[in-house]
Amino acid sequence: MPELPEVETVRRGLEQQTSGFKVAKVAVLRNRAIASPPDPEAFCWALTGCSLGTWSRRGKYLYAALQREGAAAGHWGVHLRMTGQFLWIEADAAHPSPPPCSHTRVQFWSEQGQELRFIDTRSFGQMWWVPPGEPLESVMTGLKRLGPEPFSGAFNPSYLQQKLKGSSRPIKNALLDQALVAGVGNIYADESLFASGIRPQTPSGRLTKGQLEALCTALVRVLEVSIGAGGTTFSDFRDLTGTNGNYGGVALVYRRGGEPCRSCGTPIRREKLGGRSSHWCPTCQH
């Protein structure tokens, strides 16, 4: 599943490509891609004629402000889930758009014939139209459950210490909890725990203030590096041009089970923790 860096990469691509994009036509090829309104035709009607404004990200959610004839027309929300991706297509008479693949779920065309295509192999991705004046959380209800953004001032060692106090839950599992911190998944939880020298099995409530400070710093740094690399190649993630990210080539532990640690040479261990694969170095992480 795309994590914060991949979703942020998509947000930046959408911001760049769809600035001034006015939706002339929408086609929904798979009804389950539309979470709200219940009728996909109503979703098409709501977006047709709208101009896309600024794209924002909250955790792994994306949303764009909509305007129609200068008036607010609500928001368009998106969650990529496991395999959702956008593809931007420039077409003209000499270079017509390629036909949609079998995994194309929704298509958006501009007045100039440009196309924004939503492709989702496993069909778990979702879209919402939030009517004007409605809070985003009232329609995109998953937003209510999100913890602070890793880059926000609210995410700090004191916050973690208060939230994790007395918890026996492994810190790796805690980091995957979107109610604790928004946007972090398996890849960056493993990488940040390695960078901070903490074993993934460590009970959350036993971490010292110093360890929590190291973890906060490491998580932000790892996410920043991955955003700069355009995300990772480990998932099915593609940006708007269909290109993988480059972070996978510099990952220190994730998917390197059995390979030598790049810091000390000890073989990286891989084991299941809470149903998810965890990768760690038994020498560098204590």
# chains A, B, ... in the order shown; residues from 1 in each chain; ligands from 1
$ residues_around --residues "range 143-149 of chain A" --least-positions-apart "3" --cutoff "10 Å" --atoms "only C-alpha atoms" --output "JSON, numbers by chain"
{"A": [4, 57, 58, 59, 60, 61, 136, 137, 138, 139, 140, 152, 153, 154, 155, 156, 159, 177, 178, 179, 180, 181, 182, 183, 184, 220]}
$ select_by_dssp --residues "range 89-216 of chain A" --states "alpha helix (DSSP H)" --output "PyMOL selection string"
chain A and resi 136-139+157-164+171-175+186-196+209-216
$ write_last_selection --atoms "C-alpha atoms" --output "CSV table (one decimal), in the first residue's frame"
chain,number,residue,atom,x,y,z
A,136,LEU,CA,-14.6,16.7,5.0
A,137,GLU,CA,-14.8,14.3,8.0
A,138,SER,CA,-18.5,14.0,7.6
A,139,VAL,CA,-18.1,12.2,4.3
A,157,PRO,CA,8.4,12.8,22.0
A,158,SER,CA,6.1,14.1,24.7
A,159,TYR,CA,3.0,13.2,22.6
A,160,LEU,CA,4.4,9.6,22.0
A,161,GLN,CA,5.3,9.2,25.7
A,162,GLN,CA,1.7,10.2,26.7
A,163,LYS,CA,0.0,8.0,24.1
A,164,LEU,CA,2.2,4.9,24.7
A,171,ILE,CA,6.4,-0.3,18.9
A,172,LYS,CA,6.3,-1.6,15.3
A,173,ASN,CA,2.6,-2.3,15.6
A,174,ALA,CA,2.0,1.1,17.3
A,175,LEU,CA,3.7,2.9,14.4
A,186,ASN,CA,5.4,-1.1,7.0
A,187,ILE,CA,8.3,0.2,5.0
A,188,TYR,CA,9.0,3.4,6.9
A,189,ALA,CA,8.2,1.9,10.3
A,190,ASP,CA,11.0,-0.7,9.7
A,191,GLU,CA,13.4,2.0,8.3
A,192,SER,CA,12.8,4.5,11.1
A,193,LEU,CA,13.1,1.9,13.9
A,194,PHE,CA,16.5,0.8,12.4
A,195,ALA,CA,17.6,4.5,12.1
A,196,SER,CA,16.7,5.0,15.8
A,209,LYS,CA,12.2,9.7,26.4
A,210,GLY,CA,15.6,9.5,24.7
A,211,GLN,CA,14.5,6.6,22.5
A,212,LEU,CA,11.3,8.4,21.6
A,213,GLU,CA,13.2,11.5,20.6
A,214,ALA,CA,15.4,9.4,18.4
A,215,LEU,CA,12.4,7.7,16.9
A,216,CYS,CA,10.6,11.0,16.1
$ closest_residue --among "A:Arg11, A:Arg105, A:His75, A:Arg262" --to "Asp120 in chain A" --atoms "only C-alpha atoms"
A:Arg105
$ closest_residue --among "A:Gln126, A:Thr48, A:Ser56, A:Ser278" --to "Pro170 in chain A" --atoms "only C-alpha atoms"
A:Ser278
$ residues_around --residues "range 14-31 of chain A" --least-positions-apart "3" --cutoff "8 Å" --atoms "only C-alpha atoms" --output "list in words"
Val10, Arg11, Ile34, Pro40, Cys44, Leu47, Thr48, Gly49, Cys50, Ser51, Leu52, Gly53, Thr54, Trp55, Trp88, Thr104, Arg105, Val106, Gln107, Phe108, Trp109, Ser110, Glu111 and Leu240 of chain A
